[in-house]
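Novice: Here you go, input_20.tsv (TSV, C-alpha atoms):
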```tsv
chain	number	residue	atom	x	y	z
W	1	MET	CA	152.76	21.80	-24.25
W	2	THR	CA	155.60	20.01	-25.85
W	3	GLU	CA	159.22	21.08	-25.75
W	4	PRO	CA	159.27	22.33	-29.40
W	5	GLN	CA	156.18	24.47	-28.71
W	6	VAL	CA	157.89	26.01	-25.65
W	7	TRP	CA	160.97	26.79	-27.72
W	8	VAL	CA	158.78	28.36	-30.42
W	9	LEU	CA	157.06	30.52	-27.80
W	10	ILE	CA	160.44	31.53	-26.33
W	11	GLY	CA	161.65	32.48	-29.84
W	12	VAL	CA	158.48	34.46	-30.62
W	13	PHE	CA	158.70	36.23	-27.26
W	14	ALA	CA	162.39	37.03	-27.78
W	15	ALA	CA	161.73	38.31	-31.32
W	16	SER	CA	158.82	40.46	-30.18
W	17	ILE	CA	160.86	41.94	-27.29
W	18	PHE	CA	163.75	42.66	-29.68
W	19	GLY	CA	161.34	44.23	-32.20
W	20	MET	CA	159.68	46.39	-29.52
W	21	PHE	CA	163.09	47.50	-28.25
W	22	THR	CA	164.10	48.49	-31.79
W	23	ILE	CA	160.87	50.44	-32.41
W	24	VAL	CA	160.98	52.23	-29.04
W	25	SER	CA	164.64	53.17	-29.38
W	26	THR	CA	164.11	54.45	-32.93
W	27	LEU	CA	161.14	56.58	-31.87
W	28	PHE	CA	163.05	57.85	-28.84
W	29	ILE	CA	165.99	58.92	-31.00
W	30	ARG	CA	163.60	60.75	-33.38
W	31	VAL	CA	161.96	62.59	-30.48
W	32	ILE	CA	165.33	63.60	-29.04
W	33	ARG	CA	166.51	64.90	-32.43
W	34	SER	CA	163.35	66.94	-32.96
W	35	GLU	CA	163.56	68.41	-29.45
W	36	LEU	CA	167.20	69.35	-29.95
W	37	ALA	CA	166.30	71.01	-33.25
W	38	GLY	CA	163.60	72.98	-31.44
W	39	LEU	CA	166.06	74.05	-28.76
W	40	ARG	CA	168.51	75.14	-31.42
W	41	GLY	CA	165.78	77.34	-32.89
W	42	GLU	CA	164.97	78.77	-29.47
W	43	PHE	CA	168.63	79.64	-28.83
W	44	THR	CA	168.84	81.31	-32.23
W	45	GLY	CA	165.78	83.38	-31.33
W	46	LEU	CA	167.25	84.29	-27.95
W	47	ARG	CA	170.48	85.33	-29.62
W	48	GLY	CA	168.49	87.68	-31.85
W	49	GLU	CA	166.63	89.11	-28.85
W	50	PHE	CA	169.87	89.71	-26.95
W	51	THR	CA	171.32	91.43	-30.01
W	52	GLY	CA	168.25	93.68	-30.06
W	53	LEU	CA	168.61	94.40	-26.35
W	54	HIS	CA	172.24	95.33	-26.89
W	55	GLY	CA	171.13	97.88	-29.46
W	56	GLU	CA	168.54	99.29	-27.04
W	57	PHE	CA	171.12	99.60	-24.25
W	58	THR	CA	173.47	101.35	-26.66
W	59	GLY	CA	170.66	103.80	-27.44
W	60	LEU	CA	169.99	104.32	-23.74
W	61	HIS	CA	173.68	105.02	-23.18
W	62	GLY	CA	173.47	107.79	-25.77
W	63	GLU	CA	170.35	109.21	-24.14
W	64	PHE	CA	172.03	109.22	-20.72
W	65	ALA	CA	175.05	110.98	-22.21
W	66	GLY	CA	172.75	113.65	-23.62
W	67	LEU	CA	170.95	113.94	-20.28
W	68	ARG	CA	174.29	114.27	-18.49
W	69	ASN	CA	175.33	117.12	-20.82
W	70	GLU	CA	172.01	118.88	-20.32
W	71	MET	CA	172.23	118.55	-16.52
W	72	ASN	CA	175.82	119.85	-16.53
W	73	ALA	CA	174.72	122.85	-18.58
W	74	ARG	CA	171.88	123.57	-16.17
W	75	PHE	CA	174.15	123.24	-13.13
W	76	ASP	CA	176.64	125.62	-14.74
W	77	GLY	CA	173.83	128.12	-15.27
W	78	LEU	CA	172.64	127.68	-11.69
W	79	GLU	CA	176.18	128.14	-10.41
W	80	GLN	CA	176.48	131.43	-12.32
W	81	ARG	CA	173.18	132.63	-10.87
W	82	VAL	CA	174.26	131.73	-7.32
W	83	ASP	CA	177.56	133.52	-7.88
W	84	GLY	CA	175.61	136.57	-9.06
W	85	ILE	CA	173.34	136.46	-6.01
W	86	ASP	CA	176.38	136.07	-3.73
W	87	ARG	CA	178.02	139.12	-5.32
W	88	ASP	CA	174.81	141.15	-4.91
W	89	VAL	CA	174.40	140.12	-1.26
W	90	GLN	CA	178.02	141.08	-0.52
W	91	ALA	CA	177.47	144.47	-2.15
W	92	LEU	CA	174.29	145.03	-0.10
W	93	VAL	CA	176.04	144.06	3.14
W	94	LYS	CA	178.94	146.41	2.39
W	95	HIS	CA	176.52	149.21	1.54
W	96	THR	CA	174.26	148.58	4.53
W	97	PHE	CA	176.99	148.39	7.13
W	98	GLY	CA	179.12	151.10	5.58
W	99	LEU	CA	181.97	148.84	4.66
W	100	ASP	CA	182.20	150.30	1.16
W	101	ARG	CA	183.26	153.71	2.48
W	102	GLY	CA	186.92	154.01	3.03
```
Now that the file is in, can you turn its structure into structure tokens?
Specialist:
Amino acid sequence: MTEPQVWVLIGVFAASIFGMFTIVSTLFIRVIRSELAGLRGEFTGLRGEFTGLHGEFTGLHGEFAGLRNEMNARFDGLEQRVDGIDRDVQALVKHTFGLDRG
């Protein structure tokens, strides 16, 4: 091979390497942009799901408040019944052991 042929081969090799680098970098940038756009869509979807979950937790909070009120009402009723039983037992003890007679 002569010196001009070697220089031509070096030039062709350099041009092909530069062209391949350009093509690969362009394709890489396109892939990165499309992946970032996909991630943006995923985050938007997650934001919507978290907003929905917030609404569900708000609803659960209301249900627990209602359950708390119902349980308090039942405990108040139970307390009244126990107080009534306590009063009846005290009356029976006084009557049985003659403590009600003065």
Novice: Hey, can you check how far CA of Glu35 (chain W) sits from CA of Gly19 (chain W)?
Specialist: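 For CA of Glu35 (chain W) relative to CA of Gly19 (chain W), the distance reads 24.4 Å.
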Novice: Distance CA of Gly38 (chain W)-CA of Ser25 (chain W), one decimal place?
Specialist: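 These atoms are spaced 19.9 Å apart.
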Novice: Quick one: distance from CA of Gly52 (chain W) to CA of Arg40 (chain W) in Å, one decimal?
Specialist: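 Between these atoms lies a distance of 18.6 Å.
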